[in-house]
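Enquirer: So here's coords-v7.pdb (PDB, C-alpha atoms).
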```
ATOM      1  CA  ILE A   1       4.593 -21.457   7.157
ATOM      2  CA  HIS A   2       5.366 -18.030   5.678
ATOM      3  CA  LEU A   3       4.360 -15.050   7.792
ATOM      4  CA  HIS A   4       4.218 -11.432   6.631
ATOM      5  CA  GLY A   5       4.435  -8.203   8.577
ATOM      6  CA  SER A   6       5.536  -8.292  12.186
ATOM      7  CA  LEU A   7       5.332 -10.655  15.135
ATOM      8  CA  ALA A   8       2.230  -8.869  16.375
ATOM      9  CA  PRO A   9      -0.739  -9.008  16.765
ATOM     10  CA  MET A  10      -1.459 -12.533  17.954
ATOM     11  CA  LEU A  11      -1.946 -14.501  14.702
ATOM     12  CA  PRO A  12       1.787 -14.847  13.838
ATOM     13  CA  VAL A  13       2.556 -15.814  17.441
ATOM     14  CA  LEU A  14      -0.182 -18.456  17.470
ATOM     15  CA  ALA A  15       1.011 -19.847  14.126
ATOM     16  CA  LEU A  16       4.574 -20.143  15.399
ATOM     17  CA  ARG A  17       3.448 -21.632  18.713
ATOM     18  CA  HIS A  18       1.722 -24.547  16.957
ATOM     19  CA  SER A  19       4.027 -24.898  13.945
ATOM     20  CA  ARG A  20       5.873 -28.150  13.410
ATOM     21  CA  THR A  21       7.334 -27.252  10.038
ATOM     22  CA  THR A  22       9.774 -24.778   8.470
ATOM     23  CA  ASN A  23       8.925 -21.200   9.383
ATOM     24  CA  VAL A  24       9.728 -18.106   7.301
ATOM     25  CA  ALA A  25       8.820 -14.462   7.875
ATOM     26  CA  THR A  26       8.977 -11.438   5.595
ATOM     27  CA  PHE A  27       9.376  -8.069   7.317
ATOM     28  CA  HIS A  28       8.192  -4.819   5.714
ATOM     29  CA  ALA A  29       8.707  -2.324   8.550
ATOM     30  CA  GLY A  30      10.358   1.009   7.795
ATOM     31  CA  HIS A  31      10.270   2.598  11.241
ATOM     32  CA  ARG A  32      13.404   3.933  12.889
ATOM     33  CA  LYS A  33      12.091   3.130  16.343
ATOM     34  CA  SER A  34       9.405   0.717  17.515
ATOM     35  CA  THR A  35       8.106   1.220  21.032
ATOM     36  CA  GLY A  36       6.156  -2.022  20.726
ATOM     37  CA  TYR A  37       9.227  -4.072  19.921
ATOM     38  CA  MET A  38      11.200  -2.338  22.678
ATOM     39  CA  ILE A  39       8.563  -3.247  25.269
ATOM     40  CA  PHE A  40       7.568  -6.713  24.083
ATOM     41  CA  ARG A  41      10.926  -7.963  22.764
ATOM     42  CA  PRO A  42      11.488 -10.363  25.729
ATOM     43  CA  LEU A  43       8.079 -11.948  25.086
ATOM     44  CA  LEU A  44       8.478 -12.118  21.301
ATOM     45  CA  LEU A  45      12.072 -13.335  21.187
ATOM     46  CA  PRO A  46      11.219 -17.052  21.767
ATOM     47  CA  TYR A  47       8.873 -16.948  18.790
ATOM     48  CA  PHE A  48      11.404 -15.084  16.659
ATOM     49  CA  ARG A  49      13.874 -17.892  17.361
ATOM     50  CA  LYS A  50      11.409 -20.367  15.837
ATOM     51  CA  LEU A  51      11.853 -18.675  12.459
ATOM     52  CA  ASP A  52      14.107 -20.695  10.164
ATOM     53  CA  GLY A  53      14.251 -18.042   7.459
ATOM     54  CA  LEU A  54      14.234 -14.236   7.672
ATOM     55  CA  ILE A  55      13.344 -12.059   4.687
ATOM     56  CA  ALA A  56      13.439  -8.262   4.588
ATOM     57  CA  VAL A  57      11.996  -6.413   1.609
ATOM     58  CA  SER A  58      14.884  -3.906   1.678
ATOM     59  CA  ARG A  59      17.968  -2.875   3.616
ATOM     60  CA  THR A  60      15.757  -0.303   5.322
ATOM     61  CA  ALA A  61      13.404  -3.041   6.543
ATOM     62  CA  GLU A  62      16.359  -5.172   7.639
ATOM     63  CA  TYR A  63      17.781  -2.301   9.668
ATOM     64  CA  ALA A  64      14.398  -1.610  11.282
ATOM     65  CA  MET A  65      14.077  -5.213  12.456
ATOM     66  CA  ALA A  66      17.687  -6.122  13.205
ATOM     67  CA  LYS A  67      17.908  -3.498  15.941
ATOM     68  CA  TYR A  68      15.490  -5.578  18.002
ATOM     69  CA  PHE A  69      15.824  -9.031  16.454
ATOM     70  CA  PRO A  70      19.307  -9.587  14.988
ATOM     71  CA  GLY A  71      19.629 -12.372  12.466
ATOM     72  CA  ASN A  72      20.689 -13.440   9.002
ATOM     73  CA  TYR A  73      18.170 -11.610   6.813
ATOM     74  CA  ARG A  74      17.792 -12.302   3.102
ATOM     75  CA  ILE A  75      16.831  -9.261   1.031
ATOM     76  CA  ILE A  76      13.988 -10.179  -1.307
ATOM     77  CA  PRO A  77      11.980  -7.142  -2.431
ATOM     78  CA  ASN A  78       8.273  -6.816  -2.977
ATOM     79  CA  GLY A  79       7.069  -7.644  -6.455
ATOM     80  CA  VAL A  80       4.739  -5.912  -8.875
ATOM     81  CA  ASP A  81       2.161  -7.303 -11.282
ATOM     82  CA  THR A  82       3.801  -6.216 -14.525
ATOM     83  CA  ASP A  83       1.011  -7.763 -16.587
ATOM     84  CA  GLY A  84      -1.714  -5.820 -14.817
ATOM     85  CA  PHE A  85       0.353  -2.645 -14.483
ATOM     86  CA  ASN A  86       1.381  -1.876 -18.038
ATOM     87  CA  PRO A  87       1.476   1.165 -20.339
ATOM     88  CA  ASP A  88      -1.386   0.011 -22.565
ATOM     89  CA  VAL A  89      -4.213   0.072 -20.017
ATOM     90  CA  PRO A  90      -7.157   2.260 -21.203
ATOM     91  CA  LEU A  91      -7.379   5.626 -19.441
ATOM     92  CA  PRO A  92     -10.219   6.573 -17.067
ATOM     93  CA  HIS A  93     -12.783   8.396 -19.220
ATOM     94  CA  ASN A  94     -12.822  11.362 -16.817
ATOM     95  CA  PHE A  95      -9.080  11.941 -17.301
ATOM     96  CA  ALA A  96      -8.510  11.089 -20.957
ATOM     97  CA  ASP A  97      -7.922  14.693 -22.092
ATOM     98  CA  ASP A  98      -4.631  16.428 -22.943
ATOM     99  CA  ARG A  99      -4.374  18.339 -19.673
ATOM    100  CA  LYS A 100      -1.034  17.853 -17.885
ATOM    101  CA  LYS A 101      -1.552  15.643 -14.843
ATOM    102  CA  ILE A 102       0.309  14.731 -11.675
ATOM    103  CA  LEU A 103      -0.801  11.646  -9.765
ATOM    104  CA  TYR A 104      -0.558  11.071  -6.019
ATOM    105  CA  MET A 105      -1.584   7.499  -5.105
ATOM    106  CA  ASN A 106      -1.218   6.769  -1.401
ATOM    107  CA  ARG A 107      -2.820   7.020   2.003
ATOM    108  CA  LEU A 108      -3.824  10.427   3.280
ATOM    109  CA  GLU A 109      -1.682  10.644   6.386
ATOM    110  CA  PRO A 110       1.179  12.917   7.470
ATOM    111  CA  LYS A 111       4.148  10.682   6.655
ATOM    112  CA  LYS A 112       3.059  10.470   3.009
ATOM    113  CA  GLY A 113       3.778  14.185   2.519
ATOM    114  CA  LEU A 114       0.776  15.358   0.488
ATOM    115  CA  PRO A 115       0.844  18.921   1.948
ATOM    116  CA  HIS A 116       4.253  19.457   0.356
ATOM    117  CA  LEU A 117       2.855  18.490  -3.044
ATOM    118  CA  LEU A 118      -0.143  20.791  -2.596
ATOM    119  CA  ARG A 119       2.165  23.703  -1.818
ATOM    120  CA  ALA A 120       4.486  22.777  -4.699
ATOM    121  CA  LEU A 121       1.472  22.817  -7.014
ATOM    122  CA  LYS A 122       1.190  26.584  -6.604
ATOM    123  CA  HIS A 123       4.661  26.981  -8.124
ATOM    124  CA  ILE A 124       3.943  24.475 -10.894
ATOM    125  CA  LYS A 125       0.719  26.265 -11.796
ATOM    126  CA  LYS A 126       2.611  29.450 -12.661
ATOM    127  CA  GLU A 127       4.041  27.669 -15.690
ATOM    128  CA  TYR A 128       1.178  25.239 -16.338
ATOM    129  CA  PRO A 129      -2.063  27.055 -15.388
ATOM    130  CA  ASP A 130      -4.216  24.043 -16.319
ATOM    131  CA  ILE A 131      -2.147  21.482 -14.413
ATOM    132  CA  LEU A 132      -4.262  18.869 -12.624
ATOM    133  CA  LEU A 133      -3.237  17.017  -9.464
ATOM    134  CA  ILE A 134      -5.174  13.778  -9.023
ATOM    135  CA  VAL A 135      -5.177  12.676  -5.379
ATOM    136  CA  ALA A 136      -6.061   8.991  -5.086
ATOM    137  CA  GLY A 137      -6.267   7.649  -1.567
ATOM    138  CA  SER A 138      -8.109   7.714   1.727
ATOM    139  CA  GLY A 139      -7.161   8.163   5.337
ATOM    140  CA  PRO A 140      -7.784  10.052   8.562
ATOM    141  CA  PHE A 141      -6.475  13.358   7.181
ATOM    142  CA  ALA A 142      -8.639  13.443   4.038
ATOM    143  CA  ASN A 143     -10.834  16.363   5.125
ATOM    144  CA  TYR A 144      -7.855  18.274   6.486
ATOM    145  CA  TYR A 145      -6.028  17.991   3.164
ATOM    146  CA  MET A 146      -9.127  18.946   1.203
ATOM    147  CA  ASN A 147      -9.337  22.107   3.278
ATOM    148  CA  MET A 148      -5.727  22.914   2.365
ATOM    149  CA  VAL A 149      -6.822  23.459  -1.243
ATOM    150  CA  ASP A 150      -7.395  27.217  -1.331
ATOM    151  CA  GLU A 151      -8.834  29.392  -4.094
ATOM    152  CA  THR A 152      -5.475  29.583  -5.920
ATOM    153  CA  ILE A 153      -5.508  25.862  -6.798
ATOM    154  CA  THR A 154      -9.129  24.831  -6.283
ATOM    155  CA  GLY A 155      -9.526  24.111 -10.006
ATOM    156  CA  ASN A 156      -6.261  22.173 -10.144
ATOM    157  CA  VAL A 157      -6.878  19.434  -7.591
ATOM    158  CA  VAL A 158      -9.329  16.558  -7.620
ATOM    159  CA  PHE A 159      -9.724  13.997  -4.814
ATOM    160  CA  VAL A 160     -10.942  10.682  -6.243
ATOM    161  CA  GLY A 161     -10.838   8.591  -3.070
ATOM    162  CA  LYS A 162      -9.191   5.225  -2.607
ATOM    163  CA  ILE A 163      -8.603   3.225  -5.777
ATOM    164  CA  PRO A 164      -9.090  -0.462  -4.880
ATOM    165  CA  ALA A 165      -6.318  -2.970  -5.521
ATOM    166  CA  ASN A 166      -8.667  -5.009  -7.696
ATOM    167  CA  PRO A 167      -9.278  -4.909 -10.526
ATOM    168  CA  VAL A 168      -5.648  -4.038 -11.199
ATOM    169  CA  SER A 169      -6.669  -2.455 -14.503
ATOM    170  CA  LEU A 170      -8.563   0.303 -12.673
ATOM    171  CA  ARG A 171      -5.605   1.224 -10.494
ATOM    172  CA  ALA A 172      -3.264   0.994 -13.487
ATOM    173  CA  SER A 173      -5.491   3.286 -15.532
ATOM    174  CA  PHE A 174      -4.852   6.141 -13.103
ATOM    175  CA  TYR A 175      -1.097   5.704 -13.401
ATOM    176  CA  CYS A 176      -1.409   5.633 -17.176
ATOM    177  CA  CYS A 177      -3.362   8.896 -17.333
ATOM    178  CA  CYS A 178      -0.702  10.979 -15.568
ATOM    179  CA  ASP A 179       2.373  12.707 -16.945
ATOM    180  CA  VAL A 180       4.285  12.463 -13.658
ATOM    181  CA  PHE A 181       3.782  10.268 -10.621
ATOM    182  CA  CYS A 182       4.768  11.927  -7.341
ATOM    183  CA  ALA A 183       5.618  10.287  -4.020
ATOM    184  CA  PRO A 184       6.405  13.064  -1.500
ATOM    185  CA  SER A 185       6.741  10.867   1.612
ATOM    186  CA  ILE A 186       8.804  12.395   4.406
ATOM    187  CA  GLY A 187      10.230   9.103   5.700
ATOM    188  CA  HIS A 188       9.473   5.782   7.395
ATOM    189  CA  GLU A 189       9.083   3.887   4.113
ATOM    190  CA  SER A 190      10.749   0.507   3.763
ATOM    191  CA  PHE A 191       9.997   0.104   0.063
ATOM    192  CA  GLY A 192       8.495   2.017  -2.847
ATOM    193  CA  ILE A 193       5.722  -0.240  -4.120
ATOM    194  CA  VAL A 194       3.747   2.688  -5.566
ATOM    195  CA  LEU A 195       6.900   3.789  -7.377
ATOM    196  CA  LEU A 196       7.163   0.350  -8.953
ATOM    197  CA  GLU A 197       3.511   0.397  -9.998
ATOM    198  CA  ALA A 198       4.002   3.744 -11.733
ATOM    199  CA  MET A 199       7.233   2.574 -13.337
ATOM    200  CA  ALA A 200       5.514  -0.596 -14.591
ATOM    201  CA  CYS A 201       3.075   1.727 -16.384
ATOM    202  CA  ALA A 202       6.076   3.539 -17.952
ATOM    203  CA  LYS A 203       5.573   6.777 -16.043
ATOM    204  CA  PRO A 204       8.410   9.001 -14.794
ATOM    205  CA  VAL A 205       8.559   9.330 -11.019
ATOM    206  CA  VAL A 206       9.327  12.278  -8.760
ATOM    207  CA  ALA A 207      10.019  11.042  -5.244
ATOM    208  CA  SER A 208      11.476  12.268  -1.981
ATOM    209  CA  HIS A 209      15.039  11.077  -1.452
ATOM    210  CA  ILE A 210      14.456   8.705   1.456
ATOM    211  CA  ALA A 211      15.894   5.312   2.305
ATOM    212  CA  GLY A 212      12.970   3.156   1.179
ATOM    213  CA  PHE A 213      12.714   4.843  -2.209
ATOM    214  CA  ASN A 214      16.376   5.030  -3.194
ATOM    215  CA  GLN A 215      16.496   1.237  -3.383
ATOM    216  CA  VAL A 216      13.920   1.311  -6.184
ATOM    217  CA  LEU A 217      14.494   4.555  -8.085
ATOM    218  CA  GLU A 218      17.741   5.780  -9.661
ATOM    219  CA  HIS A 219      17.940   9.565  -9.895
ATOM    220  CA  GLY A 220      18.044  10.742 -13.503
ATOM    221  CA  ARG A 221      17.172   7.322 -14.899
ATOM    222  CA  GLU A 222      13.580   6.403 -14.017
ATOM    223  CA  GLY A 223      12.766   9.751 -12.448
ATOM    224  CA  LEU A 224      14.042  12.445 -10.123
ATOM    225  CA  PHE A 225      14.600  12.723  -6.396
ATOM    226  CA  PHE A 226      14.065  15.838  -4.305
ATOM    227  CA  THR A 227      14.972  16.679  -0.731
ATOM    228  CA  PRO A 228      12.140  15.608   1.609
ATOM    229  CA  LYS A 229       9.872  18.488   2.721
ATOM    230  CA  ASP A 230      11.431  20.891   0.171
ATOM    231  CA  ASP A 231       8.353  22.194  -1.666
ATOM    232  CA  ARG A 232      10.280  24.274  -4.184
ATOM    233  CA  GLU A 233      12.675  21.472  -5.072
ATOM    234  CA  LEU A 234       9.682  19.182  -5.502
ATOM    235  CA  ALA A 235       8.063  21.700  -7.859
ATOM    236  CA  ASP A 236      11.282  22.081  -9.850
ATOM    237  CA  ALA A 237      11.616  18.312 -10.262
ATOM    238  CA  VAL A 238       8.067  18.007 -11.585
ATOM    239  CA  LEU A 239       8.584  20.966 -13.926
ATOM    240  CA  THR A 240      11.825  19.488 -15.251
ATOM    241  CA  ILE A 241       9.911  16.418 -16.432
ATOM    242  CA  LEU A 242       6.860  18.305 -17.714
ATOM    243  CA  ARG A 243       9.060  20.569 -19.853
ATOM    244  CA  ASP A 244      10.877  17.714 -21.596
ATOM    245  CA  LYS A 245       8.560  15.195 -23.217
ATOM    246  CA  LYS A 246      11.458  13.183 -24.655
ATOM    247  CA  MET A 247      13.127  12.853 -21.262
ATOM    248  CA  ALA A 248       9.821  11.803 -19.713
ATOM    249  CA  GLN A 249       9.436   9.067 -22.344
ATOM    250  CA  VAL A 250      13.005   7.819 -21.820
ATOM    251  CA  MET A 251      12.489   7.734 -18.056
ATOM    252  CA  GLY A 252       9.196   5.928 -18.503
ATOM    253  CA  LYS A 253      10.790   3.226 -20.668
ATOM    254  CA  ALA A 254      13.647   2.815 -18.185
ATOM    255  CA  GLY A 255      11.106   2.525 -15.384
ATOM    256  CA  ARG A 256       9.216  -0.193 -17.231
ATOM    257  CA  GLN A 257      12.440  -2.162 -17.679
ATOM    258  CA  LYS A 258      13.305  -1.752 -14.000
ATOM    259  CA  ALA A 259       9.817  -2.861 -12.961
ATOM    260  CA  LEU A 260      10.110  -6.041 -15.048
ATOM    261  CA  SER A 261      13.002  -7.130 -12.829
ATOM    262  CA  TYR A 262      10.551  -6.919  -9.902
ATOM    263  CA  SER A 263       7.818  -8.989 -11.565
ATOM    264  CA  TRP A 264       6.103 -11.410  -9.221
ATOM    265  CA  ALA A 265       7.267 -14.326 -11.376
ATOM    266  CA  HIS A 266      10.879 -13.306 -10.743
ATOM    267  CA  ILE A 267      10.345 -12.575  -7.029
ATOM    268  CA  ALA A 268       8.506 -15.886  -6.567
ATOM    269  CA  GLU A 269      11.531 -17.702  -7.979
ATOM    270  CA  GLU A 270      13.757 -15.975  -5.418
ATOM    271  CA  ILE A 271      11.439 -16.931  -2.572
ATOM    272  CA  GLU A 272      11.138 -20.528  -3.791
ATOM    273  CA  GLY A 273      14.921 -20.742  -4.012
ATOM    274  CA  PHE A 274      15.162 -19.516  -0.419
ATOM    275  CA  TYR A 275      12.668 -22.190   0.675
ATOM    276  CA  ASN A 276      14.820 -24.857  -0.976
ATOM    277  CA  GLU A 277      17.946 -23.571   0.775
ATOM    278  CA  LEU A 278      16.204 -23.883   4.134
ATOM    279  CA  ARG A 279      15.177 -27.479   3.457
ATOM    280  CA  HIS A 280      18.733 -28.617   2.776
TER     281      HIS A 280
END
```
Before anything else, please render the file you have as structure tokens.
Expert:
Amino acid sequence: IHLHGSLAPMLPVLALRHSRTTNVATFHAGHRKSTGYMIFRPLLLPYFRKLDGLIAVSRTAEYAMAKYFPGNYRIIPNGVDTDGFNPDVPLPHNFADDRKKILYMNRLEPKKGLPHLLRALKHIKKEYPDILLIVAGSGPFANYYMNMVDETITGNVVFVGKIPANPVSLRASFYCCCDVFCAPSIGHESFGIVLLEAMACAKPVVASHIAGFNQVLEHGREGLFFTPKDDRELADAVLTILRDKKMAQVMGKAGRQKALSYSWAHIAEEIEGFYNELRH
């Protein structure tokens, strides 16, 4: 049995309670502190001990879990569909023009940092008056963020809602239509799956320099980091890429190569190898 996520709610616990086979769990958490684990650790610990194999998608995820449930974790990252996410996907017809575009693809919630990108856009617009920020995502703060778009950038932001995971070609088309992909999260990320999706589509990435992202992106190679919550530094990073088309292309190609090492075929081999180790 291979479980994903955490030991709560009840489904993982029930699976482990009745399991009579080898048990493996992959942990994705990126939190620094979990009140739930602090409170329920004594109840969950017997089930944790039934796990024969522990996988964390990153060192950040390992650290988040090991504080409460120490163990021998194997780092096996998330994968990306490098066939579905590729640079040759047709563009969405609404965004197939030559206008410079920034893409935000994530949930609309505070930890994802969209307000910092909206404020940075005002600086970017001074140099690129026609710049367009495409906001793809949904969440409890959607209306709040829409109301943050004032008259100075109202013609430079479009909210397109959540882009479904399937078909992959639709999601990939939005990555392919942008000039820069931006991930302004302020923390609590265990892994940068959206970074990998953008990189698989050969797009340069501007991302906040946080633990979950620095295990995927190399500064100056596939994109640029900026200090979390620093709106001006974020704007400068985006402008650096927009000004240099050659650099953007080189970063995009490097990102594609990096993403190929995270293909699901490769990650599946790592997981299968781990299964075999546990059987012997």
Enquirer: For the point (5.0, -20.2, 21.0) in the file's frame, write as a list in words all residues with an atom no more than 12 Å away, counting all atoms listed in the file.
Expert: Leu7, Met10, Leu11, Pro12, Val13, Leu14, Ala15, Leu16, Arg17, His18, Ser19, Arg20, Leu43, Leu44, Leu45, Pro46, Tyr47, Phe48, Arg49, Lys50 and Leu51 of chain A
Enquirer: Could you write out the selected residues, including C-alpha atoms, as a PDB file, in the frame of the given file?
Expert:
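Just written: again_38.pdb:
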```pdb
ATOM      1  CA  LEU A   7       5.332 -10.655  15.135  1.00  0.00           C
ATOM      2  CA  MET A  10      -1.459 -12.533  17.954  1.00  0.00           C
ATOM      3  CA  LEU A  11      -1.946 -14.501  14.702  1.00  0.00           C
ATOM      4  CA  PRO A  12       1.787 -14.847  13.838  1.00  0.00           C
ATOM      5  CA  VAL A  13       2.556 -15.814  17.441  1.00  0.00           C
ATOM      6  CA  LEU A  14      -0.182 -18.456  17.470  1.00  0.00           C
ATOM      7  CA  ALA A  15       1.011 -19.847  14.126  1.00  0.00           C
ATOM      8  CA  LEU A  16       4.574 -20.143  15.399  1.00  0.00           C
ATOM      9  CA  ARG A  17       3.448 -21.632  18.713  1.00  0.00           C
ATOM     10  CA  HIS A  18       1.722 -24.547  16.957  1.00  0.00           C
ATOM     11  CA  SER A  19       4.027 -24.898  13.945  1.00  0.00           C
ATOM     12  CA  ARG A  20       5.873 -28.150  13.410  1.00  0.00           C
ATOM     13  CA  LEU A  43       8.079 -11.948  25.086  1.00  0.00           C
ATOM     14  CA  LEU A  44       8.478 -12.118  21.301  1.00  0.00           C
ATOM     15  CA  LEU A  45      12.072 -13.335  21.187  1.00  0.00           C
ATOM     16  CA  PRO A  46      11.219 -17.052  21.767  1.00  0.00           C
ATOM     17  CA  TYR A  47       8.873 -16.948  18.790  1.00  0.00           C
ATOM     18  CA  PHE A  48      11.404 -15.084  16.659  1.00  0.00           C
ATOM     19  CA  ARG A  49      13.874 -17.892  17.361  1.00  0.00           C
ATOM     20  CA  LYS A  50      11.409 -20.367  15.837  1.00  0.00           C
ATOM     21  CA  LEU A  51      11.853 -18.675  12.459  1.00  0.00           C
TER      22      LEU A  51
END
```
Enquirer: Using all atoms listed in the file, which of the listed residues (A:Leu260, A:Ala172, A:Cys177, A:Ile210) sits closest to Val194 of chain A?
Expert: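 Counting all atoms listed in the file, the residue closest to Val194 of chain A is A:Ala172.
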Enquirer: Looking at all atoms listed in the file, which of A:Glu222, A:Arg232, A:Ala183, A:Ser173 is the one that sits closest to Asn94 of chain A?
Expert: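 Ranked by minimum distance to Asn94 of chain A, first place goes to A:Ser173.
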Enquirer: Set the distance at 9 Å and use only C-alpha atoms: which residues neighbour Thr82 of chain A once local chain neighbours fewer than 5 positions away are removed? I'd like the list as a list in words.
Expert: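 After dropping sequence-adjacent residues, the list is Glu197, Ala200, Cys201, Arg256, Ala259, Leu260, Tyr262, Ser263 and Trp264 of chain A.
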Enquirer: Please indicate the distance in Å from atom CA of Arg279 of chain A to atom CA of Val24 of chain A, rounded to one decimal place.
Expert: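 Atom CA of Val24 of chain A lies at a distance of 11.5 Å from atom CA of Arg279 of chain A.
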Enquirer: I'd like to see the residues matched by the PyMOL selection byres ((chain A and resi 69) around 12) on this file, and ideally I'd get them as number ranges by chain.
Expert: A: 6-7, 27, 34, 37-38, 40-49, 51, 54, 61-68, 70-73
Enquirer: Might you spell out which residues the PyMOL selection byres ((chain A and resi 108-124) around 7) would select in the displayed file, as a list of chain:residue names?
Expert: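 That selection, the PyMOL selection byres ((chain A and resi 108-124) around 7), comes back as A:Asn106, A:Arg107, A:Lys125, A:Lys126, A:Glu127, A:Tyr128, A:Gly137, A:Ser138, A:Gly139, A:Pro140, A:Phe141, A:Ala142, A:Ile153, A:Pro184, A:Ser185, A:Ile186, A:Gly187, A:Lys229, A:Asp231, A:Arg232, A:Leu234, A:Ala235, A:Leu239.
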Enquirer: When you count all atoms listed in the file, which of these residues is closest to Cys178 of chain A: A:Leu133, A:Leu224, A:Ala237, A:Ala25?
Expert: A:Leu133
Enquirer: So how many Å separate atom CA of Asp98 of chain A and atom CA of Val149 of chain A, to one decimal?
Expert: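 Separation of atom CA of Asp98 of chain A and atom CA of Val149 of chain A: 22.9 Å.
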Enquirer: Report as a ChimeraX atom specification the residues that result from applying the PyMOL selection byres ((chain A and resi 192) around 10) to the structure here.
Expert: /A:58,77-78,183,189-191,193-197,207,210-217
Enquirer: Suppose you want the space between atom CA of Gly5 of chain A and atom CA of Phe225 of chain A; what is it in Å?
Expert: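 Straight-line distance from atom CA of Gly5 of chain A to atom CA of Phe225 of chain A works out to 27.7 Å.
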